[in-house]
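Here is the structure we will look at, set down as structure tokens.
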Amino acid sequence: ALAKSGDKDNISMVIGTIPSKSTIEIELSFTTTCIQDEDGYHITLPKMRQEDQRQKSTLNSFSDFDQSFSIKISSSTPITSISTTSEPNDLIIDYNSTKLSATVTIPSPFTHLPEVLWTHTDMDTPTLMIEKHPQFNTLATMVNFQPQVTQFEEDFSSGEFIFLLDRSCSMGGERMELANQAVILFIKSLPVDSHFNIISFGSRYEMMYKSSRKNDDGCVLESCERVREFMADLGGTSLIEP
């Protein structure tokens, strides 16, 4: 068999001629991202289809061939629930002893593309992960949290907004242009009578204003013009100082 990736969303596999009354088995492993919301973590399994090159036809029905999916889930806290939208909801779940990981198998048949949902304890609690470089004795940290966005009343919609902008050398080129465009969009979208400031950082940091300024028309226009000139010229990335 020959597998190839046509684009970022599709993988095709050429199998060749299959002898009559023969059976073949194909195993494909891949890593993908999942979506997190208030209900938990979601992942939609990919759509499979087969084509008969001799008849130039495409078979899209899930009943055209047997298929099953196996998903390995790992968590920093015990997994509390796993479910799927497939019909029937026939999950084979194998937890490890601490419930920090689980393997979920969804057998055929499918009536539609299955979606798997799982939750774990302390989902709303921010987590900090630290990893040490095996060679250079440096540390990398990652904070993972889900913002709890609430709808403010109109009287409380204004406030103070501080934008942190990475202008280290790694942000050069298109990355810096896109970041500048995003900051400009945020500035123009601030509620009326708000105050804001922009702090750029790299190996050093720069504040656009000594103190936050009100977002009147003149300040917004001036700030947008200055942001358009921002470059990735503040050295390396350092969040230790100040």
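We name chains A, B, ... following the order of the structure tokens; residues begin at 1 in each chain, and ligands are numbered from 1 as shown.
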Which of range 177-217 of chain A DSSP labels alpha helix (DSSP H), written as a CSV table (one decimal) with C-alpha atoms, in the first residue's frame:
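Produced file states10.csv, reproduced below:
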chain,number,residue,atom,x,y,z
A,177,GLU,CA,2.5,41.5,10.8
A,178,LEU,CA,-0.4,39.3,12.0
A,179,ALA,CA,0.2,40.1,15.6
A,180,ASN,CA,0.2,43.8,14.8
A,181,GLN,CA,-3.1,43.5,12.9
A,182,ALA,CA,-4.7,41.6,15.8
A,183,VAL,CA,-3.7,44.3,18.3
A,184,ILE,CA,-5.1,47.0,16.0
A,185,LEU,CA,-8.3,45.1,15.8
A,186,PHE,CA,-8.5,44.8,19.6
A,187,ILE,CA,-7.8,48.5,20.1
A,188,LYS,CA,-10.6,49.5,17.7
A,217,ASP,CA,-10.5,58.8,18.7
Contacts of Asn144 in chain A within 12 Å, only C-alpha atoms, excl. fewer than 4 positions in-chain, as an mmCIF file with C-alpha atoms, in the first residue's frame:
data_model
loop_
_atom_site.group_PDB
_atom_site.id
_atom_site.type_symbol
_atom_site.label_atom_id
_atom_site.label_comp_id
_atom_site.auth_asym_id
_atom_site.auth_seq_id
_atom_site.Cartn_x
_atom_site.Cartn_y
_atom_site.Cartn_z
ATOM 1 C CA GLN A 36 -12.573 22.087 24.861
ATOM 2 C CA SER A 76 -3.282 14.980 34.421
ATOM 3 C CA MET A 123 -11.274 20.688 34.478
ATOM 4 C CA ASP A 124 -11.769 24.344 35.405
ATOM 5 C CA THR A 125 -8.637 24.495 37.555
ATOM 6 C CA PRO A 126 -5.617 26.130 35.849
ATOM 7 C CA THR A 127 -2.644 23.790 35.523
ATOM 8 C CA LEU A 128 1.068 24.524 35.268
ATOM 9 C CA MET A 129 3.401 22.155 33.446
ATOM 10 C CA ILE A 130 7.206 22.383 33.752
#
For this session: For Phe163 in chain A, please output as a list in words all residues within 9 Å (counting only C-alpha atoms; exclusion window: fewer than 6 positions along the same chain).
Result: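 With the cut-off at 9 Å, the set is Val183, Phe186, Phe196, Asn197, Ile198, Ile199 and Ser200 of chain A.
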Problem set entry | Polymer residues at most 10 Å from Thr33 in chain A, only C-alpha atoms, same-chain spacing of 3 or more positions, as a PyMOL selection string | chain A and resi 36+41-44
Exercise. Contacts of range 228-235 of chain A at 9 Å or less, counting only C-alpha atoms, minus same-chain residues fewer than 2 places along, as a VMD selection string?
Worked result: chain A and resid 166 to 173 176 to 177 180 to 181 184 200 to 206 223 to 226 237 to 238
For this session: Provide the CA of Ser211 in chain A to CA of Phe145 in chain A distance in Å, to one decimal place.
Result: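 Taking CA of Ser211 in chain A and CA of Phe145 in chain A, their separation equals 28.5 Å.
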